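model.pdb follows; it contains PDB, C-alpha atoms, pLDDT in the B column.
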```pdb
ATOM      1  CA  MET L 247     -64.304  40.228  96.467  1.00 80.00           C
ATOM      2  CA  LYS L 248     -67.183  37.900  95.689  1.00 94.00           C
ATOM      3  CA  ASN L 249     -68.173  39.226  92.247  1.00 97.00           C
ATOM      4  CA  ILE L 250     -66.622  41.571  89.699  1.00 97.00           C
ATOM      5  CA  CYS L 251     -68.727  43.092  86.935  1.00 98.00           C
ATOM      6  CA  VAL L 252     -66.994  42.997  83.553  1.00 98.00           C
ATOM      7  CA  PHE L 253     -68.022  45.373  80.766  1.00 98.00           C
ATOM      8  CA  GLY L 254     -66.815  44.760  77.222  1.00 97.00           C
ATOM      9  CA  ALA L 255     -67.579  44.782  73.526  1.00 97.00           C
ATOM     10  CA  SER L 256     -70.060  42.387  71.950  1.00 94.00           C
ATOM     11  CA  CYS L 257     -68.463  42.729  68.497  1.00 92.00           C
ATOM     12  CA  SER L 258     -65.983  40.094  67.337  1.00 90.00           C
ATOM     13  CA  ASN L 259     -64.474  41.788  64.274  1.00 94.00           C
ATOM     14  CA  ILE L 260     -61.555  43.168  66.276  1.00 96.00           C
ATOM     15  CA  ALA L 261     -57.848  42.475  66.758  1.00 97.00           C
ATOM     16  CA  PRO L 262     -57.051  39.106  68.404  1.00 97.00           C
ATOM     17  CA  ALA L 263     -55.104  40.888  71.152  1.00 98.00           C
ATOM     18  CA  TYR L 264     -58.381  42.244  72.556  1.00 98.00           C
ATOM     19  CA  ILE L 265     -59.997  38.795  72.556  1.00 98.00           C
ATOM     20  CA  ASP L 266     -56.947  37.194  74.160  1.00 98.00           C
ATOM     21  CA  ALA L 267     -56.785  39.813  76.929  1.00 98.00           C
ATOM     22  CA  ALA L 268     -60.495  39.403  77.683  1.00 98.00           C
ATOM     23  CA  TYR L 269     -60.157  35.613  77.909  1.00 98.00           C
ATOM     24  CA  ARG L 270     -57.156  36.006  80.182  1.00 98.00           C
ATOM     25  CA  ALA L 271     -59.046  38.385  82.454  1.00 98.00           C
ATOM     26  CA  GLY L 272     -61.818  35.820  82.863  1.00 98.00           C
ATOM     27  CA  SER L 273     -59.360  33.020  83.605  1.00 98.00           C
ATOM     28  CA  LEU L 274     -57.582  35.135  86.226  1.00 98.00           C
ATOM     29  CA  LEU L 275     -60.870  35.877  87.996  1.00 97.00           C
ATOM     30  CA  ALA L 276     -61.503  32.131  88.118  1.00 97.00           C
ATOM     31  CA  GLU L 277     -58.035  31.531  89.574  1.00 97.00           C
ATOM     32  CA  LYS L 278     -58.766  34.029  92.352  1.00 96.00           C
ATOM     33  CA  ASN L 279     -62.208  32.494  92.990  1.00 96.00           C
ATOM     34  CA  ILE L 280     -63.937  35.752  92.047  1.00 97.00           C
ATOM     35  CA  GLY L 281     -67.264  35.432  90.262  1.00 97.00           C
ATOM     36  CA  MET L 282     -67.934  37.378  87.085  1.00 98.00           C
ATOM     37  CA  VAL L 283     -71.098  39.349  86.419  1.00 98.00           C
ATOM     38  CA  PHE L 284     -71.452  40.361  82.783  1.00 98.00           C
ATOM     39  CA  GLY L 285     -73.929  41.299  80.078  1.00 96.00           C
ATOM     40  CA  GLY L 286     -74.709  37.704  79.168  1.00 96.00           C
ATOM     41  CA  GLY L 287     -73.411  37.860  75.582  1.00 95.00           C
ATOM     42  CA  ASP L 288     -71.708  35.036  73.681  1.00 96.00           C
ATOM     43  CA  THR L 289     -69.721  37.194  71.255  1.00 96.00           C
ATOM     44  CA  GLY L 290     -66.859  39.672  71.338  1.00 97.00           C
ATOM     45  CA  LEU L 291     -65.033  40.440  74.548  1.00 97.00           C
ATOM     46  CA  MET L 292     -68.061  39.519  76.641  1.00 96.00           C
ATOM     47  CA  GLY L 293     -68.001  36.006  75.242  1.00 97.00           C
ATOM     48  CA  ALA L 294     -64.213  35.740  75.474  1.00 98.00           C
ATOM     49  CA  ALA L 295     -64.159  36.739  79.148  1.00 98.00           C
ATOM     50  CA  ALA L 296     -67.074  34.387  79.840  1.00 98.00           C
ATOM     51  CA  ARG L 297     -65.237  31.473  78.249  1.00 98.00           C
ATOM     52  CA  GLY L 298     -62.116  32.385  80.188  1.00 98.00           C
ATOM     53  CA  ILE L 299     -63.846  32.108  83.530  1.00 97.00           C
ATOM     54  CA  HIS L 300     -66.091  29.163  82.602  1.00 97.00           C
ATOM     55  CA  GLU L 301     -63.292  27.008  81.175  1.00 97.00           C
ATOM     56  CA  ASN L 302     -61.210  27.585  84.303  1.00 97.00           C
ATOM     57  CA  GLY L 303     -63.890  26.625  86.802  1.00 97.00           C
ATOM     58  CA  GLY L 304     -65.114  30.089  87.807  1.00 97.00           C
ATOM     59  CA  ARG L 305     -68.637  31.246  88.552  1.00 97.00           C
ATOM     60  CA  LEU L 306     -70.470  33.185  85.859  1.00 98.00           C
ATOM     61  CA  ILE L 307     -73.593  35.304  86.226  1.00 98.00           C
ATOM     62  CA  GLY L 308     -75.074  36.673  83.008  1.00 97.00           C
ATOM     63  CA  VAL L 309     -77.557  39.543  83.002  1.00 97.00           C
ATOM     64  CA  ILE L 310     -79.257  40.036  79.657  1.00 96.00           C
ATOM     65  CA  PRO L 311     -82.296  42.023  78.514  1.00 95.00           C
ATOM     66  CA  GLU L 312     -85.225  40.000  77.242  1.00 96.00           C
ATOM     67  CA  LYS L 313     -84.844  41.361  73.708  1.00 95.00           C
ATOM     68  CA  LEU L 314     -81.294  39.963  73.457  1.00 93.00           C
ATOM     69  CA  ASN L 315     -81.977  36.611  75.119  1.00 93.00           C
ATOM     70  CA  GLN L 316     -81.781  34.738  71.828  1.00 90.00           C
ATOM     71  CA  PRO L 317     -79.789  31.705  70.603  1.00 89.00           C
ATOM     72  CA  GLY L 318     -76.442  32.860  69.246  1.00 88.00           C
ATOM     73  CA  ILE L 319     -76.571  36.055  71.309  1.00 92.00           C
ATOM     74  CA  ALA L 320     -76.772  34.805  74.912  1.00 94.00           C
ATOM     75  CA  TYR L 321     -73.813  32.916  76.361  1.00 96.00           C
ATOM     76  CA  PRO L 322     -75.083  29.328  76.854  1.00 94.00           C
ATOM     77  CA  ASN L 323     -72.964  28.252  79.844  1.00 95.00           C
ATOM     78  CA  CYS L 324     -73.784  30.745  82.588  1.00 96.00           C
ATOM     79  CA  ASP L 325     -74.126  29.356  86.093  1.00 97.00           C
ATOM     80  CA  GLU L 326     -76.984  31.809  86.426  1.00 97.00           C
ATOM     81  CA  LEU L 327     -78.681  33.817  83.679  1.00 96.00           C
ATOM     82  CA  ILE L 328     -80.869  36.708  84.786  1.00 97.00           C
ATOM     83  CA  VAL L 329     -83.247  38.059  82.128  1.00 97.00           C
ATOM     84  CA  THR L 330     -84.333  41.674  82.596  1.00 97.00           C
ATOM     85  CA  PRO L 331     -87.116  43.605  80.853  1.00 97.00           C
ATOM     86  CA  ASP L 332     -84.799  46.315  79.512  1.00 96.00           C
ATOM     87  CA  MET L 333     -81.274  47.739  79.422  1.00 94.00           C
ATOM     88  CA  HIS L 334     -81.797  50.040  82.406  1.00 95.00           C
ATOM     89  CA  THR L 335     -82.798  47.159  84.643  1.00 97.00           C
ATOM     90  CA  ARG L 336     -79.904  45.110  83.294  1.00 96.00           C
ATOM     91  CA  LYS L 337     -77.354  47.724  84.375  1.00 96.00           C
ATOM     92  CA  ALA L 338     -78.954  48.195  87.790  1.00 96.00           C
ATOM     93  CA  THR L 339     -78.923  44.432  88.360  1.00 97.00           C
ATOM     94  CA  MET L 340     -75.283  44.112  87.332  1.00 97.00           C
ATOM     95  CA  GLU L 341     -74.326  46.957  89.651  1.00 96.00           C
ATOM     96  CA  LYS L 342     -76.259  45.467  92.570  1.00 96.00           C
ATOM     97  CA  LEU L 343     -74.551  42.075  92.221  1.00 97.00           C
ATOM     98  CA  SER L 344     -71.005  43.438  91.984  1.00 97.00           C
ATOM     99  CA  GLU L 345     -68.355  44.711  94.374  1.00 95.00           C
ATOM    100  CA  GLY L 346     -66.049  46.090  91.692  1.00 96.00           C
ATOM    101  CA  PHE L 347     -65.969  46.820  87.964  1.00 97.00           C
ATOM    102  CA  LEU L 348     -63.597  45.963  85.133  1.00 98.00           C
ATOM    103  CA  ALA L 349     -63.993  47.792  81.827  1.00 98.00           C
ATOM    104  CA  LEU L 350     -62.562  45.966  78.820  1.00 98.00           C
ATOM    105  CA  PRO L 351     -62.376  47.793  75.476  1.00 98.00           C
ATOM    106  CA  GLY L 352     -65.740  48.353  73.824  1.00 97.00           C
ATOM    107  CA  GLY L 353     -68.040  50.661  71.929  1.00 97.00           C
ATOM    108  CA  TYR L 354     -70.953  52.887  72.892  1.00 96.00           C
ATOM    109  CA  GLY L 355     -72.527  50.410  75.309  1.00 95.00           C
ATOM    110  CA  THR L 356     -69.302  49.697  77.176  1.00 97.00           C
ATOM    111  CA  LEU L 357     -68.429  53.391  77.380  1.00 98.00           C
ATOM    112  CA  GLU L 358     -71.896  54.180  78.707  1.00 97.00           C
ATOM    113  CA  GLU L 359     -71.629  51.457  81.366  1.00 97.00           C
ATOM    114  CA  LEU L 360     -68.181  52.643  82.413  1.00 98.00           C
ATOM    115  CA  MET L 361     -69.247  56.270  82.677  1.00 97.00           C
ATOM    116  CA  GLU L 362     -72.307  55.301  84.688  1.00 96.00           C
ATOM    117  CA  VAL L 363     -70.329  53.486  87.395  1.00 97.00           C
ATOM    118  CA  LEU L 364     -67.826  56.353  87.541  1.00 96.00           C
ATOM    119  CA  THR L 365     -70.723  58.782  88.015  1.00 94.00           C
ATOM    120  CA  LEU L 366     -72.462  56.599  90.602  1.00 94.00           C
ATOM    121  CA  ASN L 367     -69.217  56.492  92.583  1.00 93.00           C
ATOM    122  CA  GLN L 368     -68.781  60.254  92.225  1.00 90.00           C
ATOM    123  CA  LEU L 369     -72.274  60.903  93.602  1.00 90.00           C
ATOM    124  CA  GLY L 370     -72.025  58.314  96.378  1.00 89.00           C
ATOM    125  CA  TYR L 371     -74.697  55.935  95.107  1.00 92.00           C
ATOM    126  CA  ILE L 372     -72.099  53.161  95.070  1.00 93.00           C
ATOM    127  CA  SER L 373     -68.625  52.810  96.533  1.00 92.00           C
ATOM    128  CA  ALA L 374     -66.760  50.292  94.427  1.00 94.00           C
ATOM    129  CA  PRO L 375     -63.386  50.154  92.674  1.00 94.00           C
ATOM    130  CA  VAL L 376     -63.255  50.543  88.906  1.00 97.00           C
ATOM    131  CA  VAL L 377     -60.364  49.350  86.743  1.00 98.00           C
ATOM    132  CA  ILE L 378     -59.965  50.137  83.048  1.00 98.00           C
ATOM    133  CA  LEU L 379     -58.090  47.480  81.061  1.00 98.00           C
ATOM    134  CA  ASN L 380     -56.242  49.562  78.491  1.00 98.00           C
ATOM    135  CA  THR L 381     -55.347  46.826  75.985  1.00 98.00           C
ATOM    136  CA  LYS L 382     -53.324  48.188  73.051  1.00 98.00           C
ATOM    137  CA  GLY L 383     -53.780  51.701  74.467  1.00 98.00           C
ATOM    138  CA  TYR L 384     -57.462  51.571  73.531  1.00 98.00           C
ATOM    139  CA  TYR L 385     -58.536  53.933  76.315  1.00 98.00           C
ATOM    140  CA  ASP L 386     -55.668  56.440  76.033  1.00 98.00           C
ATOM    141  CA  LYS L 387     -57.877  59.166  74.558  1.00 98.00           C
ATOM    142  CA  LEU L 388     -60.694  58.614  77.048  1.00 98.00           C
ATOM    143  CA  ILE L 389     -58.249  58.773  79.954  1.00 98.00           C
ATOM    144  CA  ALA L 390     -56.826  61.983  78.494  1.00 98.00           C
ATOM    145  CA  GLN L 391     -60.383  63.381  78.296  1.00 98.00           C
ATOM    146  CA  LEU L 392     -61.089  62.481  81.931  1.00 97.00           C
ATOM    147  CA  ASN L 393     -57.914  64.284  82.959  1.00 97.00           C
ATOM    148  CA  TYR L 394     -58.900  67.240  80.783  1.00 98.00           C
ATOM    149  CA  CYS L 395     -62.240  67.425  82.632  1.00 96.00           C
ATOM    150  CA  VAL L 396     -60.224  68.005  85.795  1.00 94.00           C
ATOM    151  CA  GLU L 397     -57.834  70.472  84.169  1.00 96.00           C
ATOM    152  CA  GLU L 398     -60.761  72.604  82.954  1.00 96.00           C
ATOM    153  CA  GLY L 399     -62.546  72.517  86.313  1.00 93.00           C
ATOM    154  CA  PHE L 400     -65.508  70.343  85.340  1.00 91.00           C
ATOM    155  CA  THR L 401     -64.510  67.510  87.680  1.00 90.00           C
ATOM    156  CA  SER L 402     -62.771  67.423  91.046  1.00 89.00           C
ATOM    157  CA  SER L 403     -59.258  65.998  90.941  1.00 91.00           C
ATOM    158  CA  ALA L 404     -60.344  63.617  93.720  1.00 90.00           C
ATOM    159  CA  CYS L 405     -62.584  61.865  91.197  1.00 91.00           C
ATOM    160  CA  LEU L 406     -59.553  60.560  89.315  1.00 94.00           C
ATOM    161  CA  SER L 407     -59.080  58.182  92.256  1.00 92.00           C
ATOM    162  CA  ILE L 408     -62.367  56.429  91.411  1.00 94.00           C
ATOM    163  CA  PHE L 409     -60.649  54.406  88.699  1.00 96.00           C
ATOM    164  CA  ALA L 410     -57.285  52.827  87.978  1.00 97.00           C
ATOM    165  CA  VAL L 411     -55.776  51.926  84.621  1.00 98.00           C
ATOM    166  CA  ALA L 412     -54.051  48.634  83.807  1.00 98.00           C
ATOM    167  CA  ASP L 413     -52.199  47.629  80.667  1.00 98.00           C
ATOM    168  CA  THR L 414     -52.498  43.874  81.239  1.00 98.00           C
ATOM    169  CA  PRO L 415     -55.197  41.518  82.566  1.00 98.00           C
ATOM    170  CA  GLU L 416     -52.838  40.413  85.327  1.00 98.00           C
ATOM    171  CA  THR L 417     -52.400  43.966  86.583  1.00 98.00           C
ATOM    172  CA  ALA L 418     -56.124  44.702  86.241  1.00 98.00           C
ATOM    173  CA  VAL L 419     -57.242  41.728  88.329  1.00 96.00           C
ATOM    174  CA  GLU L 420     -54.537  42.364  90.912  1.00 95.00           C
ATOM    175  CA  MET L 421     -55.668  45.993  91.191  1.00 95.00           C
ATOM    176  CA  LEU L 422     -59.282  44.951  91.695  1.00 94.00           C
ATOM    177  CA  SER L 423     -58.253  42.459  94.361  1.00 88.00           C
ATOM    178  CA  ASN L 424     -56.430  45.132  96.388  1.00 88.00           C
ATOM    179  CA  MET L 425     -58.072  48.436  95.466  1.00 84.00           C
ATOM    180  CA  ARG L 426     -60.162  50.267  98.029  1.00 81.00           C
ATOM    181  CA  PRO L 427     -63.082  52.523  97.122  1.00 73.00           C
ATOM    182  CA  ALA L 428     -62.094  56.154  96.616  1.00 73.00           C
ATOM    183  CA  GLU L 429     -62.603  58.661  99.425  1.00 76.00           C
ATOM    184  CA  LEU L 430     -64.403  61.546  97.791  1.00 75.00           C
ATOM    185  CA  PRO L 431     -65.824  64.876  98.905  1.00 69.00           C
ATOM    186  CA  ASP L 432     -69.584  64.960  99.420  1.00 72.00           C
ATOM    187  CA  LYS L 433     -70.696  66.415  96.075  1.00 63.00           C
ATOM    188  CA  ILE L 434     -74.334  66.845  97.142  1.00 54.00           C
ATOM    189  CA  ARG L 435     -73.424  68.577 100.413  1.00 50.00           C
ATOM    190  CA  ASP L 436     -70.929  70.852  98.638  1.00 63.00           C
ATOM    191  CA  ALA L 437     -73.545  71.762  96.014  1.00 58.00           C
ATOM    192  CA  ILE L 438     -76.039  72.734  98.711  1.00 45.00           C
ATOM    193  CA  ILE L 439     -73.483  74.871 100.508  1.00 45.00           C
ATOM    194  CA  SER L 440     -72.363  76.605  97.311  1.00 55.00           C
ATOM    195  CA  ALA L 441     -76.023  77.390  96.547  1.00 49.00           C
ATOM    196  CA  GLY L 442     -76.373  79.134  99.931  1.00 50.00           C
ATOM    197  CA  GLY L 443     -78.063  76.342 101.868  1.00 51.00           C
ATOM    198  CA  LYS L 444     -76.978  74.356 104.910  1.00 52.00           C
ATOM    199  CA  ALA L 445     -75.480  70.859 104.891  1.00 46.00           C
TER     200      ALA L 445
END
```
Would you put the structure from the file into structure tokens?
Amino acid sequence: MKNICVFGASCSNIAPAYIDAAYRAGSLLAEKNIGMVFGGGDTGLMGAAARGIHENGGRLIGVIPEKLNQPGIAYPNCDELIVTPDMHTRKATMEKLSEGFLALPGGYGTLEELMEVLTLNQLGYISAPVVILNTKGYYDKLIAQLNYCVEEGFTSSACLSIFAVADTPETAVEMLSNMRPAELPDKIRDAIISAGGKA
């Protein structure tokens, strides 16, 4: 893979284990000569992963909305910093530049980014592996909810193959290096057929 998009928290008032795992993920991408696309932030897990890749000789592409492109917010050592007019364009740009996605722990923004790439895969807009780094079991409840969606019939069981879960940065990066995009049923075609139309 040429570039992996990394999602993660911008807050820094969190347990050191999260920061350490994010830094390690960045350093491992550098070791494998995989570039990192990220939200351009200098703080939290975004900043930690950015430092991990930068300090180990990797390539770093930041994508940040104009409103957040401020000293102390934007990571200062990107190889390339792309400034977008808004958050929507930021996400679309990150997705376009990336061949796979790594979700570190995070809050609303990270969860929204993760769910968007899962949905885009489900609908066939992209076909790219997604790995969730489950540091300290952070994502246990979300993973349980995704499984519950399947159990209750809201999501096809095939969609669970869109993502993989890793407990360590080493496993996460190895998964991304070897994971193939999921083979999913055609949701649009199936919807048309179930509505009485023709595929």
Could you state which residues are captured by the PyMOL selection byres ((chain L and resi 267) around 10) in this file, as a ChimeraX atom specification? /L:262-266,268-273,291,294-295,298,350-351,379-382,413-416
With the file shown as input, list the residues that the PyMOL selection byres ((chain L and resi 322) around 12) selects, as a list of chain:residue names. L:Gly286, L:Gly287, L:Asp288, L:Thr289, L:Gly293, L:Ala296, L:Arg297, L:His300, L:Leu306, L:Ile307, L:Gly308, L:Ile310, L:Asn315, L:Gln316, L:Pro317, L:Gly318, L:Ile319, L:Ala320, L:Tyr321, L:Asn323, L:Cys324, L:Asp325, L:Glu326, L:Leu327
Output the residue selection produced by the PyMOL selection byres ((chain L and resi 359) around 12) on the file above, formatted as a count of residues only. 35
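What separates atom CA of L:Asn367 from atom CA of L:Val396 is a distance of 16.1 Å.
For the atom pair formed by atom CA of L:Ile372 and atom CA of L:Ile408, the distance is 10.9 Å, given to one decimal.
Going from atom CA of L:Arg426 to atom CA of L:Asn279 covers 18.6 Å.
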